[in-house]
Amino acid sequence: EHSRQEGGSHPCIVSFCRRPHVHPCAQLAKSRPKVGPKVSSLCLEYTTSMYSPRRYKSTSVALGSTLCALLCLGISLYAAQAHLLEQYRSLESVAITDRHGDILTLAPNVKSVYAQYESALPPRVAALLIKKEDRFFYIHPGINPFSTMRAALRYATGSRVGGASTITQQLVKNLLSHEQNRTFFNKAIELFYALALEICTTKEEILVMYSNTVFMGNQIQGLSGASLLYFKKPLT
């Protein structure tokens, strides 16, 4: 017995060495709880519903409708801005000049007033105009929502309604000839045109357009003509 133990291996050592090697991932897989057939069917149904053709079709229809709506809105805004620019050009008087280019006389425009447009506005005049007419001109998108809500609240309560129009809205009103017809419908139209003008035109251009179209009395349109008529001086 002693010789057998010396010549052979110990039983415990043999059993330990012959134990099969198990990979750690296999042990982890065995330790995980098995998913029942009911849970597996629910997961399969949810995955199938996510990638179903009906879901893809509804998503495509919604995306296509949104893109079409944005395209129509962009075209409408561009058309509104183009209409305002056409009206703006029609309000400038035709100038009759001599051979040296000096203006002899001005012809009345479609509103039977006289207007000579300026391409730029002096910085001092621009600052005073913004301070007097629209302090938040460079901040708002053509519409001041706080002034609009305040005016609507005063109108609903029967109080005296103050001015709530921005410089852009006043310019649109002048270009659309809505000076004498102040209704909610015209206000809504002017709101849309003001947004279109703000999106497609710079603030400086809007300010110059307003200074050229504002009515100053005595058949004079624009700050430049009013300065020459009332003060015999150019606008500086």
# chains A, B, ... in the order shown; residues from 1 in each chain; ligands from 1
>>> residues_around(residues="region 108-122 of chain A", least_positions_apart="2", cutoff="8 Å", atoms="only C-alpha atoms", output="number ranges by chain")
A: 90-95, 106, 124-126, 207-208, 211-213, 219-222, 224-225, 235-236
>>> closest_atom_pairs(of="region 58-139 of chain A", to="region 166-179 of chain A", cutoff="7 Å", atoms="only C-alpha atoms", output="Markdown table")
| residue | atom | partner | partner_atom | distance |
| --- | --- | --- | --- | --- |
| A:Leu84 | CA | A:Leu175 | CA | 6.5 |
| A:Gln87 | CA | A:Leu175 | CA | 5.9 |
| A:Tyr88 | CA | A:Leu175 | CA | 6.2 |
| A:Glu133 | CA | A:Ile167 | CA | 6.7 |
| A:Asp134 | CA | A:Thr166 | CA | 5.8 |
>>> write_last_selection(atoms="N, CA and C atoms", output="CSV table (one decimal), in the first residue's frame")
chain,number,residue,atom,x,y,z
A,84,LEU,N,-43.9,94.4,-50.5
A,84,LEU,CA,-43.7,95.7,-49.8
A,84,LEU,C,-42.6,96.5,-50.5
A,87,GLN,N,-44.2,98.3,-53.4
A,87,GLN,CA,-44.9,99.4,-52.9
A,87,GLN,C,-44.0,100.6,-52.5
A,88,TYR,N,-42.9,100.2,-51.9
A,88,TYR,CA,-42.0,101.3,-51.5
A,88,TYR,C,-41.4,102.0,-52.7
A,133,GLU,N,-39.5,106.8,-31.3
A,133,GLU,CA,-40.6,105.9,-31.9
A,133,GLU,C,-40.5,104.5,-31.4
A,134,ASP,N,-39.3,104.0,-31.2
A,134,ASP,CA,-39.2,102.5,-30.9
A,134,ASP,C,-37.9,102.2,-30.2
>>> select_by_dssp(residues="region 135-215 of chain A", states="alpha helix (DSSP H)", output="PyMOL selection string")
chain A and resi 145-157+167-175+184-200+203-213
>>> write_last_selection(atoms="C-alpha atoms", output="compact mmCIF listing (two decimals), in the first residue's frame")
# COMPACT_ATOMS: atom_id res chain seq x y z
CA PRO A 145 -45.26 91.43 -27.80
CA PHE A 146 -45.43 93.31 -24.49
CA SER A 147 -46.76 96.52 -26.06
CA THR A 148 -49.22 94.50 -28.16
CA MET A 149 -50.62 92.64 -25.13
CA ARG A 150 -50.84 95.89 -23.16
CA ALA A 151 -52.76 97.59 -25.95
CA ALA A 152 -55.10 94.58 -26.29
CA LEU A 153 -55.77 94.59 -22.55
CA ARG A 154 -56.55 98.29 -22.57
CA TYR A 155 -58.86 97.86 -25.52
CA ALA A 156 -60.69 94.97 -23.80
CA THR A 157 -61.17 96.96 -20.59
CA ILE A 167 -41.21 101.20 -36.55
CA THR A 168 -41.51 98.14 -38.77
CA GLN A 169 -45.28 97.98 -38.28
CA GLN A 170 -45.63 101.69 -39.00
CA LEU A 171 -43.62 101.25 -42.20
CA VAL A 172 -45.85 98.36 -43.27
CA LYS A 173 -48.95 100.45 -42.51
CA ASN A 174 -47.64 103.26 -44.72
CA LEU A 175 -46.72 100.92 -47.56
CA PHE A 184 -58.10 94.01 -36.35
CA PHE A 185 -57.96 92.34 -39.75
CA ASN A 186 -55.55 94.97 -41.07
CA LYS A 187 -53.53 94.68 -37.86
CA ALA A 188 -53.17 90.93 -38.41
CA ILE A 189 -52.07 91.48 -42.02
CA GLU A 190 -49.55 94.11 -40.92
CA LEU A 191 -48.18 91.69 -38.30
CA PHE A 192 -47.45 89.08 -40.96
CA TYR A 193 -45.89 91.63 -43.32
CA ALA A 194 -43.77 93.02 -40.48
CA LEU A 195 -42.36 89.56 -39.77
CA ALA A 196 -41.63 89.05 -43.46
CA LEU A 197 -39.84 92.39 -43.69
CA GLU A 198 -37.75 91.69 -40.60
CA ILE A 199 -36.68 88.27 -41.87
CA CYS A 200 -35.72 89.39 -45.38
CA LYS A 203 -32.66 96.81 -39.52
CA GLU A 204 -30.75 99.66 -41.17
CA GLU A 205 -32.70 99.27 -44.42
CA ILE A 206 -36.00 99.24 -42.52
CA LEU A 207 -35.03 102.44 -40.71
CA VAL A 208 -34.14 104.19 -43.98
CA MET A 209 -37.36 103.00 -45.62
CA TYR A 210 -39.40 104.33 -42.70
CA SER A 211 -37.68 107.73 -42.79
CA ASN A 212 -38.42 107.98 -46.52
CA THR A 213 -42.11 107.05 -46.29
>>> closest_residue(among="A:Thr202, A:Thr97, A:Leu223, A:Leu70", to="Gly142 (chain A)", atoms="only C-alpha atoms")
A:Thr202
>>> select_by_dssp(residues="region 41-223 of chain A", states="strand (DSSP E)", output="count of residues only")
11
